[in-house]
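Coordinates from protein.txt are shown below (compact mmCIF, C-alpha atoms and all ligand atoms).
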```txt
# COMPACT_ATOMS: atom_id res chain seq x y z
CA MET A 225 0.00 0.00 0.00
CA ASN A 226 0.98 3.64 -0.37
CA ILE A 227 0.68 5.12 3.13
CA ALA A 228 0.88 8.79 4.12
CA ILE A 229 2.17 9.30 7.67
CA ILE A 230 1.00 12.64 9.09
CA GLY A 231 2.81 12.98 12.40
CA THR A 232 6.28 11.43 12.15
CA GLY A 233 7.03 11.29 15.89
CA ASN A 234 6.83 8.35 18.29
CA VAL A 235 3.71 6.64 16.90
CA GLY A 236 4.03 7.61 13.23
CA GLY A 237 7.72 6.67 13.29
CA ALA A 238 7.16 3.23 14.84
CA LEU A 239 4.41 2.28 12.40
CA ALA A 240 6.23 3.75 9.39
CA THR A 241 9.28 1.64 10.29
CA ASN A 242 7.38 -1.64 10.58
CA TRP A 243 5.24 -1.02 7.49
CA SER A 244 8.29 -0.13 5.40
CA LYS A 245 9.85 -3.48 6.40
CA LYS A 246 6.72 -5.17 5.00
CA GLY A 247 7.24 -3.48 1.63
CA HIS A 248 4.68 -0.67 1.90
CA ASN A 249 5.56 2.68 0.34
CA ILE A 250 5.80 5.26 3.12
CA ASN A 251 5.10 8.90 2.26
CA LEU A 252 5.94 11.09 5.26
CA GLY A 253 3.69 14.18 5.16
CA VAL A 254 5.32 17.01 7.11
CA GLN A 255 5.03 20.74 7.70
CA ASP A 256 8.68 21.45 6.77
CA VAL A 257 10.50 18.85 4.63
CA ASN A 258 13.87 20.20 5.83
CA ASN A 259 13.08 20.15 9.54
CA PHE A 260 10.76 17.53 11.03
CA LYS A 261 10.72 14.98 13.84
CA GLY A 262 11.78 11.54 12.63
CA GLN A 263 14.24 12.51 9.88
CA ASP A 264 16.02 9.16 10.42
CA LEU A 265 12.91 7.44 9.01
CA LEU A 266 14.29 8.38 5.59
CA LYS A 267 16.96 5.68 6.15
CA ASN A 268 14.15 3.06 6.06
CA GLU A 269 13.28 1.24 2.83
CA ASN A 270 10.62 2.71 0.52
CA THR A 271 10.36 5.92 2.57
CA ARG A 272 10.16 9.47 1.19
CA VAL A 273 9.19 12.87 2.56
CA TYR A 274 6.69 15.33 1.05
CA SER A 275 4.43 18.20 1.97
CA ILE A 276 1.21 16.98 3.61
CA ARG A 277 -0.76 17.59 0.41
CA ASP A 278 1.69 15.67 -1.80
CA ALA A 279 1.99 12.75 0.65
CA VAL A 280 -1.81 12.43 0.73
CA GLU A 281 -2.09 12.73 -3.04
CA LYS A 282 0.38 9.83 -3.50
CA SER A 283 -1.33 7.54 -0.95
CA GLU A 284 -4.52 5.52 -0.58
CA VAL A 285 -4.14 5.23 3.22
CA ILE A 286 -3.44 8.13 5.60
CA LEU A 287 -2.30 7.70 9.22
CA ILE A 288 -2.97 10.65 11.54
CA ALA A 289 -0.52 10.53 14.50
CA THR A 290 -0.33 14.14 15.68
CA PRO A 291 -1.65 16.05 18.68
CA PRO A 292 -5.48 15.96 18.25
CA THR A 293 -5.88 19.74 17.96
CA ALA A 294 -3.60 19.79 14.88
CA ILE A 295 -6.35 18.10 12.85
CA PHE A 296 -7.95 21.36 11.64
CA ASN A 297 -4.64 22.62 10.30
CA ILE A 298 -4.04 19.21 8.66
CA LEU A 299 -7.51 19.12 7.10
CA GLU A 300 -6.76 22.44 5.38
CA GLN A 301 -3.61 20.95 3.84
CA MET A 302 -4.72 17.41 2.93
CA GLY A 303 -6.53 18.25 -0.30
CA ASP A 304 -8.92 15.72 -1.83
CA VAL A 305 -9.19 12.57 0.31
CA SER A 306 -12.24 11.02 -1.34
CA GLY A 307 -11.83 7.26 -1.82
CA LYS A 308 -8.92 7.15 0.63
CA THR A 309 -8.84 5.52 4.08
CA ILE A 310 -7.86 7.62 7.10
CA ILE A 311 -6.61 5.92 10.27
CA ASP A 312 -6.88 8.03 13.44
CA ALA A 313 -4.23 7.02 15.99
CA THR A 314 -4.64 10.10 18.21
CA ASN A 315 -5.89 10.34 21.77
CA ALA A 316 -7.58 13.47 23.08
CA VAL A 317 -6.01 12.89 26.47
CA MET A 318 -5.06 16.48 27.30
CA LYS A 319 -7.22 18.50 24.91
CA SER A 320 -9.99 17.43 22.54
CA PRO A 321 -10.37 18.91 19.04
CA GLU A 322 -13.39 21.02 20.01
CA PRO A 323 -16.21 21.06 19.11
CA TYR A 324 -15.50 17.38 18.37
CA LYS A 325 -14.85 14.78 21.05
CA THR A 326 -12.19 12.99 19.02
CA VAL A 327 -10.24 13.38 15.78
CA TYR A 328 -12.29 10.48 14.38
CA HIS A 329 -15.46 12.55 14.76
CA ALA A 330 -13.83 15.61 13.17
CA LEU A 331 -12.67 13.51 10.20
CA VAL A 332 -16.08 11.91 9.67
CA ASP A 333 -17.75 15.33 9.75
CA LYS A 334 -15.21 17.19 7.62
CA THR A 335 -14.41 14.56 4.98
CA ASN A 336 -16.45 12.21 2.85
CA THR A 337 -14.26 9.20 3.18
CA GLU A 338 -13.50 6.01 5.11
CA VAL A 339 -12.27 6.57 8.69
CA VAL A 340 -11.19 4.16 11.43
CA LYS A 341 -9.80 4.60 14.93
CA CYS A 342 -6.80 2.31 15.43
CA PHE A 343 -3.22 2.24 16.77
CA ASN A 344 -4.15 4.47 19.73
CA THR A 345 -4.47 1.96 22.58
CA THR A 346 -0.88 1.13 23.44
CA GLY A 347 2.49 2.84 23.78
CA TYR A 348 4.66 3.49 20.76
CA GLU A 349 7.29 1.07 22.09
CA ASN A 350 4.70 -1.69 21.67
CA MET A 351 4.00 -0.51 18.11
CA LEU A 352 7.70 -0.81 17.33
CA ASN A 353 7.90 -4.24 18.97
CA PRO A 354 4.55 -5.94 19.73
CA ILE A 355 6.13 -9.27 20.77
CA TYR A 356 6.13 -10.38 24.43
CA ASN A 357 7.74 -13.71 25.32
CA GLY A 358 7.34 -14.88 21.72
CA GLU A 359 3.65 -13.91 21.52
CA ALA A 360 2.14 -10.97 19.65
CA ILE A 361 -0.07 -8.57 21.62
CA ASP A 362 -3.42 -7.35 20.24
CA MET A 363 -4.49 -4.11 18.59
CA PHE A 364 -8.03 -2.70 18.66
CA MET A 365 -10.13 -0.62 16.26
CA ALA A 366 -13.52 1.13 16.11
CA GLY A 367 -15.63 2.98 13.55
CA ASP A 368 -18.41 2.72 11.00
CA SER A 369 -16.38 1.89 7.87
CA GLU A 370 -15.91 -1.82 7.18
CA LYS A 371 -13.53 -0.98 4.34
CA ALA A 372 -11.32 1.09 6.67
CA LYS A 373 -11.44 -1.68 9.30
CA ALA A 374 -10.25 -4.28 6.77
CA ILE A 375 -7.27 -2.04 5.96
CA ALA A 376 -6.53 -1.41 9.66
CA LEU A 377 -6.63 -5.18 10.29
CA GLN A 378 -4.14 -5.81 7.46
CA LEU A 379 -1.82 -3.02 8.62
CA SER A 380 -2.05 -4.20 12.23
CA THR A 381 -0.92 -7.65 11.11
CA ASP A 382 1.83 -6.08 8.99
CA ALA A 383 3.02 -4.10 12.04
CA GLY A 384 3.36 -7.41 13.93
CA PHE A 385 0.23 -7.42 16.13
CA GLY A 386 -1.50 -10.73 16.77
CA SER A 387 -5.04 -9.63 16.07
CA CYS A 388 -6.92 -6.38 15.58
CA ILE A 389 -10.07 -6.75 17.63
CA ASP A 390 -13.17 -4.82 16.55
CA PHE A 391 -14.35 -2.65 19.47
CA GLY A 392 -17.52 -1.70 17.60
CA LYS A 393 -18.87 1.19 15.56
CA SER A 394 -18.46 4.96 15.98
CA ASP A 395 -20.31 4.93 19.30
CA LYS A 396 -17.31 2.96 20.68
CA VAL A 397 -14.60 5.38 19.49
CA GLU A 398 -14.57 7.32 22.76
CA LEU A 399 -14.48 4.03 24.67
CA LEU A 400 -11.38 3.09 22.66
CA GLU A 401 -9.75 6.37 23.79
CA LYS A 402 -10.72 5.50 27.38
CA PHE A 403 -9.10 2.09 26.81
CA ALA A 404 -5.94 3.95 25.79
CA LEU A 405 -6.23 5.96 29.00
CA SER A 406 -6.44 2.67 30.90
CA TRP A 407 -3.08 1.67 29.42
CA ILE A 408 -1.64 5.11 30.27
CA ASN A 409 -3.03 4.78 33.81
CA LEU A 410 -1.40 1.38 34.39
CA ALA A 411 1.86 2.10 32.57
CA ILE A 412 2.52 5.59 33.88
CA MET A 413 0.26 6.62 36.77
CA GLN A 414 0.26 3.23 38.53
CA GLY A 415 3.94 2.76 37.73
CA HIS A 416 3.90 -0.55 35.81
CA GLY A 417 6.15 0.97 33.13
CA ARG A 418 5.65 1.29 29.37
CA ASN A 419 6.71 -2.29 28.64
CA MET A 420 3.28 -3.75 29.33
CA ALA A 421 0.42 -4.56 26.96
CA PHE A 422 -3.06 -6.01 26.58
CA LYS A 423 -3.89 -9.35 24.99
CA VAL A 424 -7.34 -10.94 24.73
CA VAL A 425 -7.38 -14.60 25.76
CA ARG A 426 -10.24 -17.01 25.16
CA ARG A 427 -11.38 -20.47 26.19
N1 LIG A 501 3.27 8.29 22.48
C1 LIG A 501 2.50 7.19 22.55
O1 LIG A 501 2.96 6.15 23.09
C2 LIG A 501 1.13 7.19 21.95
C3 LIG A 501 0.42 5.98 21.89
C4 LIG A 501 -0.85 5.95 21.28
C5 LIG A 501 -1.37 7.11 20.75
N2 LIG A 501 -0.67 8.29 20.85
C6 LIG A 501 -1.26 9.50 20.26
O2 LIG A 501 -0.62 9.68 19.01
C7 LIG A 501 -0.46 11.07 18.73
C8 LIG A 501 1.02 11.36 18.48
O3 LIG A 501 1.77 11.04 19.65
P1 LIG A 501 3.37 10.94 19.55
O4 LIG A 501 3.83 10.52 20.90
O5 LIG A 501 3.77 10.16 18.34
O6 LIG A 501 3.72 12.50 19.33
P2 LIG A 501 5.12 13.17 18.94
O7 LIG A 501 6.23 12.18 19.03
O8 LIG A 501 5.21 14.43 19.75
O9 LIG A 501 4.91 13.55 17.40
C9 LIG A 501 3.93 14.46 17.00
C10 LIG A 501 4.05 14.67 15.52
O10 LIG A 501 2.96 15.50 15.10
C11 LIG A 501 3.45 16.43 14.17
N3 LIG A 501 2.59 17.61 14.12
C12 LIG A 501 2.23 18.45 15.11
N4 LIG A 501 1.41 19.41 14.64
C13 LIG A 501 1.25 19.16 13.31
C14 LIG A 501 0.54 19.79 12.26
N5 LIG A 501 -0.20 20.89 12.49
N6 LIG A 501 0.62 19.28 11.02
C15 LIG A 501 1.36 18.18 10.77
N7 LIG A 501 2.07 17.52 11.72
C16 LIG A 501 2.01 18.03 12.97
C17 LIG A 501 4.85 16.75 14.68
O11 LIG A 501 5.57 17.32 13.62
P3 LIG A 501 6.81 18.33 13.81
O12 LIG A 501 7.97 17.51 14.17
O13 LIG A 501 6.93 18.97 12.47
O14 LIG A 501 6.38 19.30 14.89
C18 LIG A 501 5.33 15.36 15.06
O15 LIG A 501 5.83 14.68 13.94
C19 LIG A 501 -1.07 11.82 19.92
O16 LIG A 501 -2.40 12.17 19.62
C20 LIG A 501 -1.03 10.78 21.04
O17 LIG A 501 -2.07 11.00 22.00
C21 LIG A 501 0.57 8.34 21.43
```
Output the file's structure as structure tokens, nothing else.
Ligand SMILES: NC(=O)c1ccc[n+]([C@@H]2O[C@H](COP(=O)([O-])OP(=O)(O)OC[C@H]3O[C@@H](n4cnc5c(N)ncnc54)[C@H](OP(=O)(O)O)[C@@H]3O)[C@@H](O)[C@H]2O)c1
Amino acid sequence: MNIAIIGTGNVGGALATNWSKKGHNINLGVQDVNNFKGQDLLKNENTRVYSIRDAVEKSEVILIATPPTAIFNILEQMGDVSGKTIIDATNAVMKSPEPYKTVYHALVDKTNTEVVKCFNTTGYENMLNPIYNGEAIDMFMAGDSEKAKAIALQLSTDAGFGSCIDFGKSDKVELLEKFALSWINLAIMQGHGRNMAFKVVRR
């Protein structure tokens, strides 16, 4: 796939790295092509840097991994996104993109395309390496677009996650952000450290 990465920091960088290893074409979409976080990503295979508009134009999938409030600025620069899939990996932990509760809701309202919430529920270290004691941890997704969910599932597998469990439709997007907060609570506030993760087990 041709994937635009908007937000080339911790999360965008980890996913861009693993997806490039799987042979995807990575188009970093940045504000300043000469000065952006994650410049070392250009050492990865199949990875190039563009303006946000050009990265989006060259891609069928767009990952948003920026502070949530940046979404309005990004929407102005993305250009035509019809027919493309947008993956929202943000968490409105500190500040929501008002008047919307989440970036997912802003994207659904402001674009006419496929949107999914995914890659927001665990720390970026787990996105770079989702393997614990030889077993892959799980990813989670939510939203109304089945097409976007199928792409998120494929990209979750390509990033090394065991499964991408469907949390439900758009009414579960905020719950998925609360689930991310649960990870943040355990890892940081309760002091378990960032090398911990969730896995669904069944019998
Ligand atoms: N850190 C985690 O473990 C984690 C886990 C799950 C979800 N998340 C969520 O993922 C998002 C990113 O977190 P992060 O830790 O990866 O952040 P980060 O390392 O600080 O990176 C943020 C990125 O956003 C870019 N950015 C900021 N404003 C922008 C704008 N207006 N247009 C385009 N790009 C812009 C920055 O670009 P410049 O370098 O050009 O400023 C930078 O590349 C947040 O919403 C966070 O809640 C984080």
May I have the residues within 7 Å of ligand LIG 501 (chain A), computed using only C-alpha atoms and all ligand atoms, as an mmCIF file with C-alpha atoms, keeping the file's coordinate frame?
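Once everything was written out, this is part_13.cif:
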```cif
data_model
loop_
_atom_site.group_PDB
_atom_site.id
_atom_site.type_symbol
_atom_site.label_atom_id
_atom_site.label_comp_id
_atom_site.auth_asym_id
_atom_site.auth_seq_id
_atom_site.Cartn_x
_atom_site.Cartn_y
_atom_site.Cartn_z
ATOM 1 C CA ILE A 230 1.000 12.640 9.090
ATOM 2 C CA GLY A 231 2.810 12.980 12.400
ATOM 3 C CA THR A 232 6.280 11.430 12.150
ATOM 4 C CA GLY A 233 7.030 11.290 15.890
ATOM 5 C CA ASN A 234 6.830 8.350 18.290
ATOM 6 C CA VAL A 235 3.710 6.640 16.900
ATOM 7 C CA GLY A 236 4.030 7.610 13.230
ATOM 8 C CA VAL A 254 5.320 17.010 7.110
ATOM 9 C CA GLN A 255 5.030 20.740 7.700
ATOM 10 C CA ASP A 256 8.680 21.450 6.770
ATOM 11 C CA ASN A 259 13.080 20.150 9.540
ATOM 12 C CA PHE A 260 10.760 17.530 11.030
ATOM 13 C CA LYS A 261 10.720 14.980 13.840
ATOM 14 C CA GLY A 262 11.780 11.540 12.630
ATOM 15 C CA ALA A 289 -0.520 10.530 14.500
ATOM 16 C CA THR A 290 -0.330 14.140 15.680
ATOM 17 C CA PRO A 291 -1.650 16.050 18.680
ATOM 18 C CA PRO A 292 -5.480 15.960 18.250
ATOM 19 C CA ALA A 294 -3.600 19.790 14.880
ATOM 20 C CA ILE A 295 -6.350 18.100 12.850
ATOM 21 C CA ASN A 297 -4.640 22.620 10.300
ATOM 22 C CA ILE A 298 -4.040 19.210 8.660
ATOM 23 C CA ALA A 313 -4.230 7.020 15.990
ATOM 24 C CA THR A 314 -4.640 10.100 18.210
ATOM 25 C CA ASN A 315 -5.890 10.340 21.770
ATOM 26 C CA ALA A 316 -7.580 13.470 23.080
ATOM 27 C CA VAL A 317 -6.010 12.890 26.470
ATOM 28 C CA PHE A 343 -3.220 2.240 16.770
ATOM 29 C CA ASN A 344 -4.150 4.470 19.730
ATOM 30 C CA THR A 345 -4.470 1.960 22.580
ATOM 31 C CA THR A 346 -0.880 1.130 23.440
ATOM 32 C CA GLY A 347 2.490 2.840 23.780
ATOM 33 C CA TYR A 348 4.660 3.490 20.760
ATOM 34 C CA GLU A 349 7.290 1.070 22.090
#
```
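Neighbouring residues of A:Val305 at 10 Å or closer, counting all atoms listed in the file and skipping chain neighbours under 3 positions away, are A:Arg277, A:Val280, A:Glu281, A:Ser283, A:Glu284, A:Val285, A:Ile286, A:Leu299, A:Met302, A:Lys308, A:Thr309, A:Ile310, A:Thr335, A:Asn336, A:Thr337, A:Glu338.
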Using only C-alpha atoms - which residues lie no farther than 10 Å from the point (-5.3, -0.1, 7.7) in the file's frame? Write them as a list in words. Met225, Ile227, Val285, Ile286, Leu287, Thr309, Ile310, Ile311, Val339, Val340, Lys341, Cys342, Phe343, Met365, Lys371, Ala372, Lys373, Ala374, Ile375, Ala376, Leu377, Gln378, Leu379, Ser380, Thr381 and Asp382 of chain A
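Around the point (3.2, -1.3, 30.5), within 10 Å and counting only C-alpha atoms, we find these residues: Thr346, Gly347, Glu349, Asn350, Trp407, Ile408, Asn409, Leu410, Ala411, Ile412, Gln414, Gly415, His416, Gly417, Arg418, Asn419, Met420, Ala421 and Phe422 of chain A.
Among the candidate residues A:Gly392, A:Gly386, A:Pro354, A:Gly367, the one lying nearest to A:Ala238 is A:Pro354, with distances computed using all atoms listed in the file.
Remark: for A:Ala330, the closest of the candidate residues A:Asn251, A:Thr293, A:Asn357, A:Gln263 is A:Thr293 (distances computed over only C-alpha atoms).
Note that the spacing between atom CA of A:Leu252 and atom CA of A:Gln301 amounts to 13.8 Å.
Nearest residue to A:Val425, choosing from A:Ile250, A:Phe391, A:Phe403, A:Ala360 and counting only C-alpha atoms: A:Ala360.
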Counting all atoms listed in the file, closest pick from A:Val327, A:Val424, A:Ala383, A:Leu400 relative to A:Gly237 is A:Ala383
Original post:
What's the 8 Å shell around A:Asp278, counting only C-alpha atoms, without same-chain residues fewer than 4 positions away, as a list of chain:residue names?
Top reply: A:Gly253, A:Tyr274, A:Lys282
For the residues selected in the previous step, produce a file with C-alpha atoms as a PDB file, keeping the file's coordinate frame.
```
ATOM      1  CA  GLY A 253       3.690  14.180   5.160  1.00  0.00           C
ATOM      2  CA  TYR A 274       6.690  15.330   1.050  1.00  0.00           C
ATOM      3  CA  LYS A 282       0.380   9.830  -3.500  1.00  0.00           C
TER       4      LYS A 282
END
```
Item to complete: Write out as JSON, numbers by chain the residues lying within 12 Å of A:Gly358, counting all atoms listed in the file and excluding same-chain residues fewer than 5 positions away.
Response: {"A": [353, 384, 385, 386]}
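Distances to A:Thr241 were evaluated for A:Asn258, A:Asn226, A:Ser320, A:Asn268 using all atoms listed in the file, and the minimum falls at A:Asn268.
You will find atom CA of A:Glu300 at 18.8 Å from atom CA of A:Val273.
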(request) Please provide as JSON, numbers by chain all residues within 6 Å of A:Lys393, with the sequence filter that same-chain residues fewer than 3 positions apart are discarded (counting all atoms listed in the file). (result) {"A": [366, 367, 368, 396]}
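A straight line drawn from atom CA of A:Asn249 to atom CA of A:Lys267 is 13.1 Å long.
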Could you add the missing atoms to stretch 234-245 of chain A, up to all heavy atoms, and return them as a short mmCIF file (atom, residue, chain, number, x, y, z; two decimals), keeping the file's coordinate frame?
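Final output, result_15.cif:
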```
data_model
loop_
_atom_site.label_atom_id
_atom_site.label_comp_id
_atom_site.auth_asym_id
_atom_site.auth_seq_id
_atom_site.Cartn_x
_atom_site.Cartn_y
_atom_site.Cartn_z
N ASN A 234 6.74 9.68 17.67
CA ASN A 234 6.83 8.35 18.29
C ASN A 234 5.96 7.31 17.59
O ASN A 234 6.43 6.24 17.19
CB ASN A 234 6.39 8.45 19.76
CG ASN A 234 7.29 9.36 20.56
OD1 ASN A 234 8.51 9.34 20.42
ND2 ASN A 234 6.70 10.17 21.42
N VAL A 235 4.66 7.62 17.46
CA VAL A 235 3.71 6.64 16.90
C VAL A 235 3.88 6.51 15.39
O VAL A 235 4.03 5.40 14.85
CB VAL A 235 2.26 7.05 17.26
CG1 VAL A 235 1.26 6.20 16.51
CG2 VAL A 235 2.04 6.95 18.76
N GLY A 236 3.87 7.64 14.69
CA GLY A 236 4.03 7.61 13.23
C GLY A 236 5.34 6.95 12.84
O GLY A 236 5.40 6.16 11.88
N GLY A 237 6.40 7.23 13.61
CA GLY A 237 7.72 6.67 13.29
C GLY A 237 7.75 5.16 13.48
O GLY A 237 8.31 4.43 12.65
N ALA A 238 7.15 4.68 14.58
CA ALA A 238 7.16 3.23 14.84
C ALA A 238 6.40 2.48 13.76
O ALA A 238 6.88 1.47 13.23
CB ALA A 238 6.52 2.96 16.21
N LEU A 239 5.22 2.98 13.41
CA LEU A 239 4.41 2.28 12.40
C LEU A 239 5.04 2.39 11.02
O LEU A 239 5.07 1.41 10.25
CB LEU A 239 2.98 2.82 12.41
CG LEU A 239 2.21 2.51 13.71
CD1 LEU A 239 0.88 3.26 13.75
CD2 LEU A 239 1.97 1.00 13.87
N ALA A 240 5.56 3.58 10.69
CA ALA A 240 6.23 3.75 9.39
C ALA A 240 7.38 2.76 9.24
O ALA A 240 7.57 2.16 8.18
CB ALA A 240 6.74 5.19 9.26
N THR A 241 8.12 2.55 10.33
CA THR A 241 9.28 1.64 10.29
C THR A 241 8.83 0.21 10.03
O THR A 241 9.37 -0.48 9.14
CB THR A 241 10.04 1.74 11.63
OG1 THR A 241 10.54 3.07 11.75
CG2 THR A 241 11.18 0.74 11.69
N ASN A 242 7.82 -0.25 10.76
CA ASN A 242 7.38 -1.64 10.58
C ASN A 242 6.68 -1.86 9.24
O ASN A 242 6.85 -2.91 8.61
CB ASN A 242 6.50 -2.08 11.75
CG ASN A 242 7.33 -2.40 12.97
OD1 ASN A 242 8.53 -2.66 12.85
ND2 ASN A 242 6.73 -2.36 14.14
N TRP A 243 5.92 -0.88 8.79
CA TRP A 243 5.24 -1.02 7.49
C TRP A 243 6.25 -0.97 6.34
O TRP A 243 6.07 -1.67 5.34
CB TRP A 243 4.17 0.06 7.34
CG TRP A 243 2.99 -0.14 8.26
CD1 TRP A 243 2.60 -1.32 8.83
CD2 TRP A 243 2.07 0.85 8.73
NE1 TRP A 243 1.48 -1.12 9.62
CE2 TRP A 243 1.13 0.20 9.57
CE3 TRP A 243 1.93 2.23 8.51
CZ2 TRP A 243 0.07 0.88 10.20
CZ3 TRP A 243 0.89 2.90 9.14
CH2 TRP A 243 -0.02 2.24 9.97
N SER A 244 7.30 -0.18 6.49
CA SER A 244 8.29 -0.13 5.40
C SER A 244 8.99 -1.49 5.28
O SER A 244 9.28 -1.95 4.19
CB SER A 244 9.30 0.99 5.62
OG SER A 244 10.28 0.61 6.55
N LYS A 245 9.22 -2.15 6.43
CA LYS A 245 9.85 -3.48 6.40
C LYS A 245 8.98 -4.49 5.68
O LYS A 245 9.47 -5.50 5.16
CB LYS A 245 10.11 -3.98 7.84
CG LYS A 245 11.28 -3.29 8.52
CD LYS A 245 11.46 -3.86 9.92
CE LYS A 245 12.41 -3.00 10.73
NZ LYS A 245 12.23 -3.18 12.17
#
```
